[in-house]
file coords.cif (mmCIF, C-alpha atoms and all ligand atoms)
data_structure
#
loop_
_atom_site.group_PDB
_atom_site.id
_atom_site.type_symbol
_atom_site.label_atom_id
_atom_site.label_comp_id
_atom_site.auth_asym_id
_atom_site.auth_seq_id
_atom_site.Cartn_x
_atom_site.Cartn_y
_atom_site.Cartn_z
ATOM 1 C CA MET Y 1 20.711 11.002 -21.709
ATOM 2 C CA ARG Y 2 20.792 7.445 -22.958
ATOM 3 C CA LEU Y 3 22.328 6.336 -19.689
ATOM 4 C CA LEU Y 4 19.551 8.028 -17.712
ATOM 5 C CA HIS Y 5 16.939 6.245 -19.806
ATOM 6 C CA LYS Y 6 18.685 2.919 -19.264
ATOM 7 C CA LYS Y 7 18.891 3.542 -15.509
ATOM 8 C CA ARG Y 8 15.187 4.319 -15.333
ATOM 9 C CA MET Y 9 14.253 1.152 -17.136
ATOM 10 C CA GLU Y 10 16.514 -0.868 -14.872
ATOM 11 C CA LYS Y 11 14.135 -0.145 -11.985
ATOM 12 C CA LEU Y 12 11.582 -2.312 -13.734
ATOM 13 C CA GLU Y 13 14.068 -5.104 -14.446
ATOM 14 C CA GLY Y 14 12.941 -8.314 -12.847
ATOM 15 C CA THR Y 15 9.508 -6.995 -11.881
ATOM 16 C CA LYS Y 16 6.317 -8.951 -12.532
ATOM 17 C CA VAL Y 17 4.627 -6.025 -14.281
ATOM 18 C CA ARG Y 18 7.341 -5.710 -16.906
ATOM 19 C CA LYS Y 19 6.639 -6.878 -20.406
ATOM 20 C CA THR Y 20 8.749 -9.891 -21.241
ATOM 21 C CA SER Y 21 10.482 -10.559 -24.519
ATOM 22 C CA SER Y 22 7.812 -13.113 -25.422
ATOM 23 C CA ASN Y 23 5.444 -10.191 -26.014
ATOM 24 C CA HIS Y 24 2.903 -11.718 -23.668
ATOM 25 C CA LYS Y 25 -0.065 -9.468 -22.807
ATOM 26 C CA SER Y 26 -2.387 -10.160 -19.899
ATOM 27 C CA ILE Y 27 -6.092 -10.477 -20.506
ATOM 28 C CA ILE Y 28 -8.207 -10.205 -17.358
ATOM 29 C CA THR Y 29 -11.338 -12.350 -17.336
ATOM 30 C CA ILE Y 30 -14.153 -11.233 -15.041
ATOM 31 C CA LYS Y 31 -17.119 -13.604 -15.362
ATOM 32 C CA ASP Y 32 -17.859 -13.403 -19.116
ATOM 33 C CA ILE Y 33 -16.100 -10.055 -19.651
ATOM 34 C CA ARG Y 34 -12.530 -9.684 -20.879
ATOM 35 C CA VAL Y 35 -10.237 -6.715 -20.376
ATOM 36 C CA GLY Y 36 -7.045 -6.558 -22.397
ATOM 37 C CA GLU Y 37 -5.557 -6.669 -25.878
ATOM 38 C CA GLY Y 38 -8.144 -7.008 -28.633
ATOM 39 C CA TYR Y 39 -11.071 -5.963 -26.422
ATOM 40 C CA PHE Y 40 -12.553 -2.594 -25.520
ATOM 41 C CA THR Y 41 -14.451 -2.633 -22.239
ATOM 42 C CA VAL Y 42 -16.563 0.286 -21.089
ATOM 43 C CA ILE Y 43 -17.236 0.917 -17.413
ATOM 44 C CA ALA Y 44 -19.884 3.577 -16.839
ATOM 45 C CA GLY Y 45 -21.892 5.067 -14.009
ATOM 46 C CA PRO Y 46 -22.091 8.107 -11.784
ATOM 47 C CA CYS Y 47 -19.158 9.693 -10.000
ATOM 48 C CA ALA Y 48 -20.861 8.523 -6.804
ATOM 49 C CA LEU Y 49 -24.013 6.640 -5.972
ATOM 50 C CA GLU Y 50 -26.508 9.040 -4.427
ATOM 51 C CA ASN Y 51 -29.857 7.268 -4.049
ATOM 52 C CA PRO Y 52 -31.675 4.205 -5.461
ATOM 53 C CA GLU Y 53 -33.439 6.117 -8.220
ATOM 54 C CA GLN Y 54 -30.233 7.711 -9.522
ATOM 55 C CA GLY Y 55 -28.309 4.415 -9.347
ATOM 56 C CA LEU Y 56 -30.940 2.253 -10.999
ATOM 57 C CA THR Y 57 -31.979 4.697 -13.723
ATOM 58 C CA THR Y 58 -28.347 5.269 -14.704
ATOM 59 C CA ALA Y 59 -27.467 1.567 -14.522
ATOM 60 C CA ARG Y 60 -30.370 0.485 -16.734
ATOM 61 C CA ALA Y 61 -29.470 3.148 -19.311
ATOM 62 C CA VAL Y 62 -25.733 2.406 -19.460
ATOM 63 C CA GLU Y 63 -26.488 -1.297 -19.873
ATOM 64 C CA LYS Y 64 -28.923 -0.569 -22.686
ATOM 65 C CA ALA Y 65 -26.247 1.585 -24.354
ATOM 66 C CA GLY Y 66 -23.766 -1.311 -24.253
ATOM 67 C CA ALA Y 67 -21.628 -0.821 -21.139
ATOM 68 C CA LYS Y 68 -20.684 -4.076 -19.423
ATOM 69 C CA ILE Y 69 -19.538 -2.807 -16.039
ATOM 70 C CA PHE Y 70 -21.208 -0.333 -13.673
ATOM 71 C CA ARG Y 71 -19.207 2.318 -11.821
ATOM 72 C CA GLY Y 72 -20.799 2.105 -8.388
ATOM 73 C CA SER Y 73 -18.809 4.216 -5.926
ATOM 74 C CA LEU Y 74 -19.937 4.366 -2.308
ATOM 75 C CA PHE Y 75 -16.877 6.086 -0.947
ATOM 76 C CA LYS Y 76 -15.561 9.316 -2.463
ATOM 77 C CA PRO Y 77 -12.151 10.837 -1.876
ATOM 78 C CA ARG Y 78 -12.973 14.566 -1.991
ATOM 79 C CA THR Y 79 -10.548 17.469 -1.918
ATOM 80 C CA SER Y 80 -12.798 19.356 0.513
ATOM 81 C CA PRO Y 81 -14.100 17.634 3.644
ATOM 82 C CA TYR Y 82 -17.316 19.663 3.183
ATOM 83 C CA SER Y 83 -18.068 18.065 -0.210
ATOM 84 C CA PHE Y 84 -20.378 15.042 -0.609
ATOM 85 C CA GLN Y 85 -18.422 12.017 0.637
ATOM 86 C CA GLY Y 86 -20.605 9.296 -0.915
ATOM 87 C CA THR Y 87 -23.371 7.201 0.614
ATOM 88 C CA GLY Y 88 -20.941 5.036 2.583
ATOM 89 C CA PRO Y 89 -22.088 1.494 3.457
ATOM 90 C CA GLU Y 90 -25.762 2.463 2.958
ATOM 91 C CA GLY Y 91 -25.122 2.343 -0.790
ATOM 92 C CA ILE Y 92 -24.686 -1.427 -0.624
ATOM 93 C CA GLU Y 93 -28.468 -1.792 -0.918
ATOM 94 C CA ILE Y 94 -28.311 0.167 -4.195
ATOM 95 C CA LEU Y 95 -25.582 -2.127 -5.533
ATOM 96 C CA LYS Y 96 -27.708 -5.135 -4.613
ATOM 97 C CA SER Y 97 -30.707 -3.848 -6.537
ATOM 98 C CA ILE Y 98 -28.550 -2.994 -9.582
ATOM 99 C CA ARG Y 99 -27.210 -6.544 -9.545
ATOM 100 C CA LYS Y 100 -30.735 -7.899 -9.308
ATOM 101 C CA GLU Y 101 -32.133 -5.769 -12.116
ATOM 102 C CA THR Y 102 -29.257 -5.784 -14.618
ATOM 103 C CA ASN Y 103 -26.489 -8.051 -15.878
ATOM 104 C CA LEU Y 104 -23.836 -5.429 -15.228
ATOM 105 C CA LEU Y 105 -20.706 -6.275 -13.286
ATOM 106 C CA ILE Y 106 -20.041 -3.895 -10.397
ATOM 107 C CA GLU Y 107 -16.874 -1.839 -9.981
ATOM 108 C CA SER Y 108 -16.365 0.212 -6.802
ATOM 109 C CA GLU Y 109 -13.654 2.294 -5.135
ATOM 110 C CA VAL Y 110 -11.898 1.203 -1.960
ATOM 111 C CA LEU Y 111 -10.345 3.953 0.149
ATOM 112 C CA ALA Y 112 -9.200 1.823 3.063
ATOM 113 C CA PRO Y 113 -8.350 -1.840 3.759
ATOM 114 C CA SER Y 114 -11.675 -2.222 5.654
ATOM 115 C CA HIS Y 115 -13.570 -1.486 2.415
ATOM 116 C CA LEU Y 116 -12.114 -4.619 0.791
ATOM 117 C CA GLU Y 117 -14.095 -6.839 3.118
ATOM 118 C CA LEU Y 118 -17.148 -4.630 3.168
ATOM 119 C CA LEU Y 119 -17.431 -4.660 -0.632
ATOM 120 C CA ASN Y 120 -16.164 -8.183 -1.223
ATOM 121 C CA GLU Y 121 -19.618 -9.678 -1.771
ATOM 122 C CA HIS Y 122 -21.050 -6.681 -3.608
ATOM 123 C CA ALA Y 123 -18.377 -5.704 -6.138
ATOM 124 C CA ASP Y 124 -16.700 -7.663 -8.941
ATOM 125 C CA ILE Y 125 -13.839 -5.197 -9.351
ATOM 126 C CA PHE Y 126 -12.129 -2.911 -6.847
ATOM 127 C CA ARG Y 127 -10.804 0.503 -7.840
ATOM 128 C CA ILE Y 128 -7.852 2.160 -6.142
ATOM 129 C CA GLY Y 129 -8.082 5.869 -6.923
ATOM 130 C CA SER Y 130 -5.303 8.204 -7.932
ATOM 131 C CA ARG Y 131 -4.894 9.612 -4.423
ATOM 132 C CA ASN Y 132 -4.244 6.119 -3.098
ATOM 133 C CA MET Y 133 -1.862 4.945 -5.816
ATOM 134 C CA ASP Y 134 0.965 5.111 -3.318
ATOM 135 C CA ASN Y 135 -0.974 4.031 -0.231
ATOM 136 C CA PHE Y 136 1.238 0.986 0.122
ATOM 137 C CA ASP Y 137 -0.696 -0.615 2.993
ATOM 138 C CA LEU Y 138 -3.888 -0.487 0.930
ATOM 139 C CA LEU Y 139 -2.042 -1.889 -2.098
ATOM 140 C CA LYS Y 140 -0.651 -4.778 -0.062
ATOM 141 C CA GLU Y 141 -4.074 -5.653 1.385
ATOM 142 C CA ALA Y 142 -5.782 -5.340 -2.014
ATOM 143 C CA GLY Y 143 -3.068 -7.558 -3.476
ATOM 144 C CA LYS Y 144 -4.100 -10.324 -1.086
ATOM 145 C CA THR Y 145 -7.630 -10.429 -2.526
ATOM 146 C CA GLN Y 146 -8.443 -12.346 -5.665
ATOM 147 C CA LYS Y 147 -10.547 -9.594 -7.241
ATOM 148 C CA PRO Y 148 -9.515 -7.640 -10.325
ATOM 149 C CA ILE Y 149 -8.211 -4.210 -9.385
ATOM 150 C CA ILE Y 150 -8.227 -0.977 -11.359
ATOM 151 C CA LEU Y 151 -5.233 1.081 -10.298
ATOM 152 C CA LYS Y 152 -5.410 4.747 -11.256
ATOM 153 C CA ARG Y 153 -2.307 6.772 -11.930
ATOM 154 C CA ASN Y 154 -1.611 9.504 -9.426
ATOM 155 C CA LEU Y 155 -1.797 12.938 -11.036
ATOM 156 C CA SER Y 156 1.949 13.434 -10.658
ATOM 157 C CA ALA Y 157 3.216 9.858 -11.028
ATOM 158 C CA THR Y 158 5.607 8.757 -13.744
ATOM 159 C CA TYR Y 159 4.872 5.593 -15.722
ATOM 160 C CA GLU Y 160 7.505 3.819 -13.711
ATOM 161 C CA GLU Y 161 5.945 4.886 -10.399
ATOM 162 C CA LEU Y 162 2.549 3.653 -11.584
ATOM 163 C CA LEU Y 163 4.036 0.315 -12.610
ATOM 164 C CA LEU Y 164 5.891 -0.065 -9.336
ATOM 165 C CA ALA Y 165 2.642 0.624 -7.438
ATOM 166 C CA ALA Y 166 1.052 -2.153 -9.514
ATOM 167 C CA GLU Y 167 3.997 -4.353 -8.590
ATOM 168 C CA TYR Y 168 2.827 -4.224 -4.942
ATOM 169 C CA LEU Y 169 -0.419 -5.904 -6.039
ATOM 170 C CA LEU Y 170 1.264 -8.546 -8.203
ATOM 171 C CA LEU Y 171 3.830 -9.326 -5.534
ATOM 172 C CA GLU Y 172 1.022 -10.242 -3.116
ATOM 173 C CA SER Y 173 -0.257 -12.690 -5.771
ATOM 174 C CA ASN Y 174 -3.050 -10.654 -7.351
ATOM 175 C CA GLU Y 175 -2.153 -10.476 -11.031
ATOM 176 C CA GLN Y 176 -5.544 -9.194 -12.203
ATOM 177 C CA VAL Y 177 -4.507 -5.579 -12.432
ATOM 178 C CA ILE Y 178 -5.875 -3.008 -14.869
ATOM 179 C CA LEU Y 179 -4.053 0.311 -15.021
ATOM 180 C CA CYS Y 180 -5.864 3.586 -15.631
ATOM 181 C CA GLU Y 181 -4.635 6.860 -17.097
ATOM 182 C CA ARG Y 182 -6.796 9.622 -15.566
ATOM 183 C CA GLY Y 183 -4.974 12.777 -16.532
ATOM 184 C CA ILE Y 184 -1.975 14.468 -14.955
ATOM 185 C CA ARG Y 185 -1.562 17.934 -13.496
ATOM 186 C CA THR Y 186 0.094 20.418 -15.832
ATOM 187 C CA PHE Y 187 0.163 24.212 -16.114
ATOM 188 C CA GLU Y 188 -3.007 24.100 -18.244
ATOM 189 C CA ARG Y 189 -6.122 25.019 -16.249
ATOM 190 C CA TYR Y 190 -8.722 25.088 -19.046
ATOM 191 C CA THR Y 191 -9.198 21.364 -18.537
ATOM 192 C CA ARG Y 192 -9.302 19.830 -15.044
ATOM 193 C CA ASN Y 193 -6.260 17.688 -15.834
ATOM 194 C CA THR Y 194 -4.265 16.936 -18.982
ATOM 195 C CA LEU Y 195 -4.974 13.579 -20.591
ATOM 196 C CA ASP Y 196 -1.567 12.000 -21.170
ATOM 197 C CA ILE Y 197 -2.583 9.958 -24.172
ATOM 198 C CA LEU Y 198 0.934 8.589 -24.680
ATOM 199 C CA ALA Y 199 0.611 6.798 -21.361
ATOM 200 C CA VAL Y 200 -1.344 4.188 -23.320
ATOM 201 C CA PRO Y 201 1.326 3.094 -25.837
ATOM 202 C CA ALA Y 202 4.106 3.699 -23.295
ATOM 203 C CA ILE Y 203 2.540 1.442 -20.659
ATOM 204 C CA LYS Y 204 1.911 -1.176 -23.326
ATOM 205 C CA GLU Y 205 5.555 -0.998 -24.331
ATOM 206 C CA LEU Y 206 6.737 -1.359 -20.734
ATOM 207 C CA SER Y 207 4.191 -3.774 -19.305
ATOM 208 C CA HIS Y 208 1.899 -6.686 -20.127
ATOM 209 C CA LEU Y 209 -0.954 -5.189 -18.054
ATOM 210 C CA PRO Y 210 -4.105 -3.763 -19.666
ATOM 211 C CA ILE Y 211 -4.608 -0.010 -19.554
ATOM 212 C CA ILE Y 212 -7.880 1.909 -19.685
ATOM 213 C CA VAL Y 213 -8.522 5.666 -19.801
ATOM 214 C CA ASP Y 214 -10.753 7.893 -17.661
ATOM 215 C CA PRO Y 215 -11.976 10.622 -20.049
ATOM 216 C CA SER Y 216 -14.068 12.249 -17.290
ATOM 217 C CA HIS Y 217 -11.501 13.200 -14.645
ATOM 218 C CA SER Y 218 -8.825 13.821 -17.283
ATOM 219 C CA THR Y 219 -10.918 16.530 -18.961
ATOM 220 C CA GLY Y 220 -13.320 17.747 -16.273
ATOM 221 C CA ARG Y 221 -15.655 18.910 -19.028
ATOM 222 C CA ARG Y 222 -18.553 16.986 -20.516
ATOM 223 C CA ASN Y 223 -18.024 18.380 -24.023
ATOM 224 C CA PHE Y 224 -14.465 16.933 -24.228
ATOM 225 C CA VAL Y 225 -15.335 13.440 -22.994
ATOM 226 C CA ALA Y 226 -16.197 12.053 -26.438
ATOM 227 C CA SER Y 227 -12.948 13.348 -28.017
ATOM 228 C CA ALA Y 228 -10.867 11.951 -25.149
ATOM 229 C CA SER Y 229 -12.677 8.604 -25.384
ATOM 230 C CA LYS Y 230 -12.118 8.242 -29.122
ATOM 231 C CA ALA Y 231 -8.485 9.330 -28.776
ATOM 232 C CA ALA Y 232 -8.032 6.646 -26.107
ATOM 233 C CA MET Y 233 -9.421 3.946 -28.357
ATOM 234 C CA ALA Y 234 -7.291 5.089 -31.294
ATOM 235 C CA ALA Y 235 -4.178 5.098 -29.061
ATOM 236 C CA GLY Y 236 -4.756 1.442 -28.208
ATOM 237 C CA ALA Y 237 -6.466 1.633 -24.792
ATOM 238 C CA ASP Y 238 -8.268 -1.480 -23.600
ATOM 239 C CA GLY Y 239 -11.310 0.406 -22.359
ATOM 240 C CA LEU Y 240 -12.745 3.424 -20.592
ATOM 241 C CA ILE Y 241 -14.202 4.368 -17.239
ATOM 242 C CA ILE Y 242 -16.765 7.128 -17.853
ATOM 243 C CA GLU Y 243 -18.953 9.155 -15.522
ATOM 244 C CA VAL Y 244 -22.606 9.089 -16.544
ATOM 245 C CA HIS Y 245 -25.546 10.527 -14.577
ATOM 246 C CA HIS Y 246 -29.272 10.455 -15.370
ATOM 247 C CA ASP Y 247 -29.493 14.141 -14.404
ATOM 248 C CA PRO Y 248 -25.956 15.637 -14.491
ATOM 249 C CA GLU Y 249 -27.119 19.153 -13.548
ATOM 250 C CA LYS Y 250 -28.272 17.794 -10.193
ATOM 251 C CA ALA Y 251 -25.315 15.459 -9.554
ATOM 252 C CA LEU Y 252 -23.860 15.735 -6.044
ATOM 253 C CA SER Y 253 -20.337 15.350 -7.440
ATOM 254 C CA ASP Y 254 -18.641 15.906 -10.801
ATOM 255 C CA GLY Y 255 -21.799 16.941 -12.695
ATOM 256 C CA PRO Y 256 -19.874 19.185 -15.148
ATOM 257 C CA GLN Y 257 -17.865 16.212 -16.448
ATOM 258 C CA SER Y 258 -20.698 13.640 -16.353
ATOM 259 C CA LEU Y 259 -22.423 12.620 -19.567
ATOM 260 C CA GLY Y 260 -26.210 12.512 -19.705
ATOM 261 C CA LEU Y 261 -27.847 9.260 -20.798
ATOM 262 C CA ALA Y 262 -28.443 10.293 -24.417
ATOM 263 C CA GLU Y 263 -24.882 11.621 -24.778
ATOM 264 C CA PHE Y 264 -23.507 8.344 -23.470
ATOM 265 C CA GLU Y 265 -25.627 6.339 -25.884
ATOM 266 C CA HIS Y 266 -24.399 8.480 -28.761
ATOM 267 C CA LEU Y 267 -20.762 8.045 -27.699
ATOM 268 C CA MET Y 268 -21.162 4.262 -27.464
ATOM 269 C CA HIS Y 269 -22.512 4.232 -31.001
ATOM 270 C CA ASP Y 270 -19.484 6.179 -32.275
ATOM 271 C CA LEU Y 271 -17.075 3.969 -30.322
ATOM 272 C CA ARG Y 272 -18.565 0.816 -31.847
ATOM 273 C CA GLU Y 273 -17.923 2.259 -35.307
ATOM 274 C CA LEU Y 274 -14.340 3.143 -34.421
ATOM 275 C CA ALA Y 275 -13.811 -0.276 -32.812
ATOM 276 C CA GLY Y 276 -14.366 -1.843 -36.219
ATOM 277 C CA VAL Y 277 -11.593 0.294 -37.674
ATOM 278 C CA VAL Y 278 -9.055 -0.393 -34.909
ATOM 279 C CA LYS Y 279 -10.086 -4.071 -34.698
ATOM 280 C CA LYS Y 280 -11.260 -4.189 -31.114
ATOM 281 C CA SER Y 281 -14.120 -6.254 -29.860
ATOM 282 C CA MET Y 282 -16.655 -4.219 -27.883
HETATM 283 C C1 LIG Y 301 -12.915 8.552 -9.333
HETATM 284 O O1 LIG Y 301 -12.688 7.801 -10.290
HETATM 285 O O2 LIG Y 301 -13.970 8.522 -8.689
HETATM 286 C C2 LIG Y 301 -11.920 9.552 -8.911
HETATM 287 C C3 LIG Y 301 -12.058 10.230 -7.776
HETATM 288 O O3 LIG Y 301 -10.905 9.724 -9.760
HETATM 289 P P1 LIG Y 301 -9.358 9.882 -9.395
HETATM 290 O O4 LIG Y 301 -9.073 8.871 -8.339
HETATM 291 O O5 LIG Y 301 -8.682 9.573 -10.695
HETATM 292 O O6 LIG Y 301 -9.186 11.304 -8.961
HETATM 293 MN MN MN Y 302 -15.709 11.851 -10.100
#

call {"tool": "encode", "arguments": {"input": "coords.cif", "output": "structure tokens"}}
result
Amino acid sequence: MRLLHKKRMEKLEGTKVRKTSSNHKSIITIKDIRVGEGYFTVIAGPCALENPEQGLTTARAVEKAGAKIFRGSLFKPRTSPYSFQGTGPEGIEILKSIRKETNLLIESEVLAPSHLELLNEHADIFRIGSRNMDNFDLLKEAGKTQKPIILKRNLSATYEELLLAAEYLLLESNEQVILCERGIRTFERYTRNTLDILAVPAIKELSHLPIIVDPSHSTGRRNFVASASKAAMAAGADGLIIEVHHDPEKALSDGPQSLGLAEFEHLMHDLRELAGVVKKSM
């Protein structure tokens, strides 16, 4: 058993993602925002941008509630090809108006290498979703950019597999990588996925990279998002990426797990209180 453990860890030997003995932890600076040890950064916005009214109303509200980064997805990886696939490039106009009207940074998902160039001017952070965690061509191309990247754990990936996927980005010279635990698939079906809360301390033990938690996709249910968020902060996460919609009942994707504006404001209030206890700057 001990030998197996040692063998597993050996795979990370010599990698750039591995925590070194000096205990160094990476802090990612994006304009005036920091992501990493000692900070707690909240990214919030709808599952997908739908139209200007939805994007702007939600953006203004999440900023007022204290979020620093807007989740502004134009491209959606959907299980069914018949489901809403996002606005596509048309949503760029919505991102532009959110930038004009708020001070929020913009975070957006890239599904293909061509999206890196398309979104380069309009996003401050790229997200690589769980389905693309092992899309090595996308990782290599994203690693050549100089934008911070959120890399989500695939729903069946081990910690080591997640870290080795991140290694593709660091190897190409992009060291601004933020990992994200978004729930794994287990036998439990009551929740959409199972939040693997120990991913947070485990990744921190193995790596110097920051790790945030997605309480929306990991639970799939609005009424569990606050518990998952507070658990993430208590476990030492460096932030959250939360789905928020100004009218969740009418959302074109992931309405059941999206918080309404008042619920998000309430959660941010509770998180600020908890941040004082766990000594994180929000
Ligand atoms: C998302 O964050 O929009 C998403 C689809 O989540 P995941 O990639 O974790 O499934
Ligand atoms: Mn979603």

call {"tool": "atom_distance", "arguments": {"input": "coords.cif", "atom1": "CA of Ser97 (chain Y)", "atom2": "CA of Lys64 (chain Y)"}}
result
16.6 Å

call {"tool": "closest_residue", "arguments": {"input": "coords.cif", "among": "Y:Glu265, Y:Glu188, Y:Glu181, Y:Glu141", "to": "ligand LIG 301 (chain Y)", "atoms": "all atoms listed in the file"}}
result
Y:Glu181

call {"tool": "resolve_selection", "arguments": {"input": "coords.cif", "expression": "the PyMOL selection byres (((not hetatm)) within 10 of (chain Y and resi 302))", "output": "VMD selection string"}}
result
chain Y and resid 45 to 48 73 76 to 78 214 216 to 217 220 242 to 244 252 to 258

call {"tool": "axis_aligned_box", "arguments": {"input": "coords.cif", "around": "ligand LIG 301 (chain Y)", "padding_each_side": "3 Å", "output": "JSON"}}
result
{"center_x": -11.3, "center_y": 9.6, "center_z": -9.2, "size_x": 11.3, "size_y": 9.5, "size_z": 8.9}

call {"tool": "resolve_selection", "arguments": {"input": "coords.cif", "expression": "the PyMOL selection byres (((not hetatm)) within 6 of (chain Y and resi 301))", "output": "compact mmCIF listing (two decimals) with C-alpha atoms, in the coordinates of the input"}}
result
# COMPACT_ATOMS: atom_id res chain seq x y z
CA CYS Y 47 -19.16 9.69 -10.00
CA PRO Y 77 -12.15 10.84 -1.88
CA GLY Y 129 -8.08 5.87 -6.92
CA SER Y 130 -5.30 8.20 -7.93
CA ARG Y 131 -4.89 9.61 -4.42
CA LYS Y 152 -5.41 4.75 -11.26
CA ARG Y 182 -6.80 9.62 -15.57

call {"tool": "residues_around", "arguments": {"input": "coords.cif", "residues": "Asp238 (chain Y)", "least_positions_apart": "5", "cutoff": "8 Å", "atoms": "all atoms listed in the file", "output": "list in words"}}
result
Val35, Gly36, Glu37, Gly38, Tyr39, Phe40, Thr41, Pro210, Ile211, Ile212 and Met233 of chain Y

call {"tool": "residues_around", "arguments": {"input": "coords.cif", "residues": "Ser207 (chain Y)", "least_positions_apart": "2", "cutoff": "7 Å", "atoms": "all atoms listed in the file", "output": "number ranges by chain"}}
result
Y: 17-19, 203-205, 209

call {"tool": "atom_distance", "arguments": {"input": "coords.cif", "atom1": "CA of Lys100 (chain Y)", "atom2": "CA of His122 (chain Y)"}}
result
11.3 Å

call {"tool": "atom_distance", "arguments": {"input": "coords.cif", "atom1": "CA of Gly91 (chain Y)", "atom2": "CA of Val177 (chain Y)"}}
result
25.0 Å

call {"tool": "residues_around", "arguments": {"input": "coords.cif", "residues": "Ile43 (chain Y)", "least_positions_apart": "5", "cutoff": "7 Å", "atoms": "only C-alpha atoms", "output": "PyMOL selection string"}}
result
chain Y and resi 67-71+240-242

call {"tool": "resolve_selection", "arguments": {"input": "coords.cif", "expression": "the PyMOL selection byres (((chain Y and resi 121) around 12) and not hetatm)", "output": "list in words"}}
result
Ile92, Glu93, Leu95, Lys96, Arg99, Ile106, Glu107, Ser108, His115, Leu116, Glu117, Leu118, Leu119, Asn120, His122, Ala123, Asp124, Ile125, Phe126 and Lys147 of chain Y

call {"tool": "write_last_selection", "arguments": {"input": "coords.cif", "atoms": "C-alpha atoms", "output": "short mmCIF file (atom, residue, chain, number, x, y, z; two decimals), keeping the file's coordinate frame"}}
result
data_model
loop_
_atom_site.label_atom_id
_atom_site.label_comp_id
_atom_site.auth_asym_id
_atom_site.auth_seq_id
_atom_site.Cartn_x
_atom_site.Cartn_y
_atom_site.Cartn_z
CA ILE Y 92 -24.69 -1.43 -0.62
CA GLU Y 93 -28.47 -1.79 -0.92
CA LEU Y 95 -25.58 -2.13 -5.53
CA LYS Y 96 -27.71 -5.14 -4.61
CA ARG Y 99 -27.21 -6.54 -9.54
CA ILE Y 106 -20.04 -3.90 -10.40
CA GLU Y 107 -16.87 -1.84 -9.98
CA SER Y 108 -16.36 0.21 -6.80
CA HIS Y 115 -13.57 -1.49 2.42
CA LEU Y 116 -12.11 -4.62 0.79
CA GLU Y 117 -14.10 -6.84 3.12
CA LEU Y 118 -17.15 -4.63 3.17
CA LEU Y 119 -17.43 -4.66 -0.63
CA ASN Y 120 -16.16 -8.18 -1.22
CA HIS Y 122 -21.05 -6.68 -3.61
CA ALA Y 123 -18.38 -5.70 -6.14
CA ASP Y 124 -16.70 -7.66 -8.94
CA ILE Y 125 -13.84 -5.20 -9.35
CA PHE Y 126 -12.13 -2.91 -6.85
CA LYS Y 147 -10.55 -9.59 -7.24
#

call {"tool": "closest_residue", "arguments": {"input": "coords.cif", "among": "Y:Ile98, Y:Leu164, Y:Ala157, Y:Val225", "to": "Val62 (chain Y)", "atoms": "all atoms listed in the file"}}
result
Y:Ile98

call {"tool": "closest_residue", "arguments": {"input": "coords.cif", "among": "Y:Asn103, Y:Lys31, Y:Gly236, Y:Arg222", "to": "Glu249 (chain Y)", "atoms": "all atoms listed in the file"}}
result
Y:Arg222

call {"tool": "closest_residue", "arguments": {"input": "coords.cif", "among": "Y:Leu274, Y:Leu12, Y:Ile28, Y:Ala251", "to": "Ala166 (chain Y)", "atoms": "only C-alpha atoms"}}
result
Y:Leu12
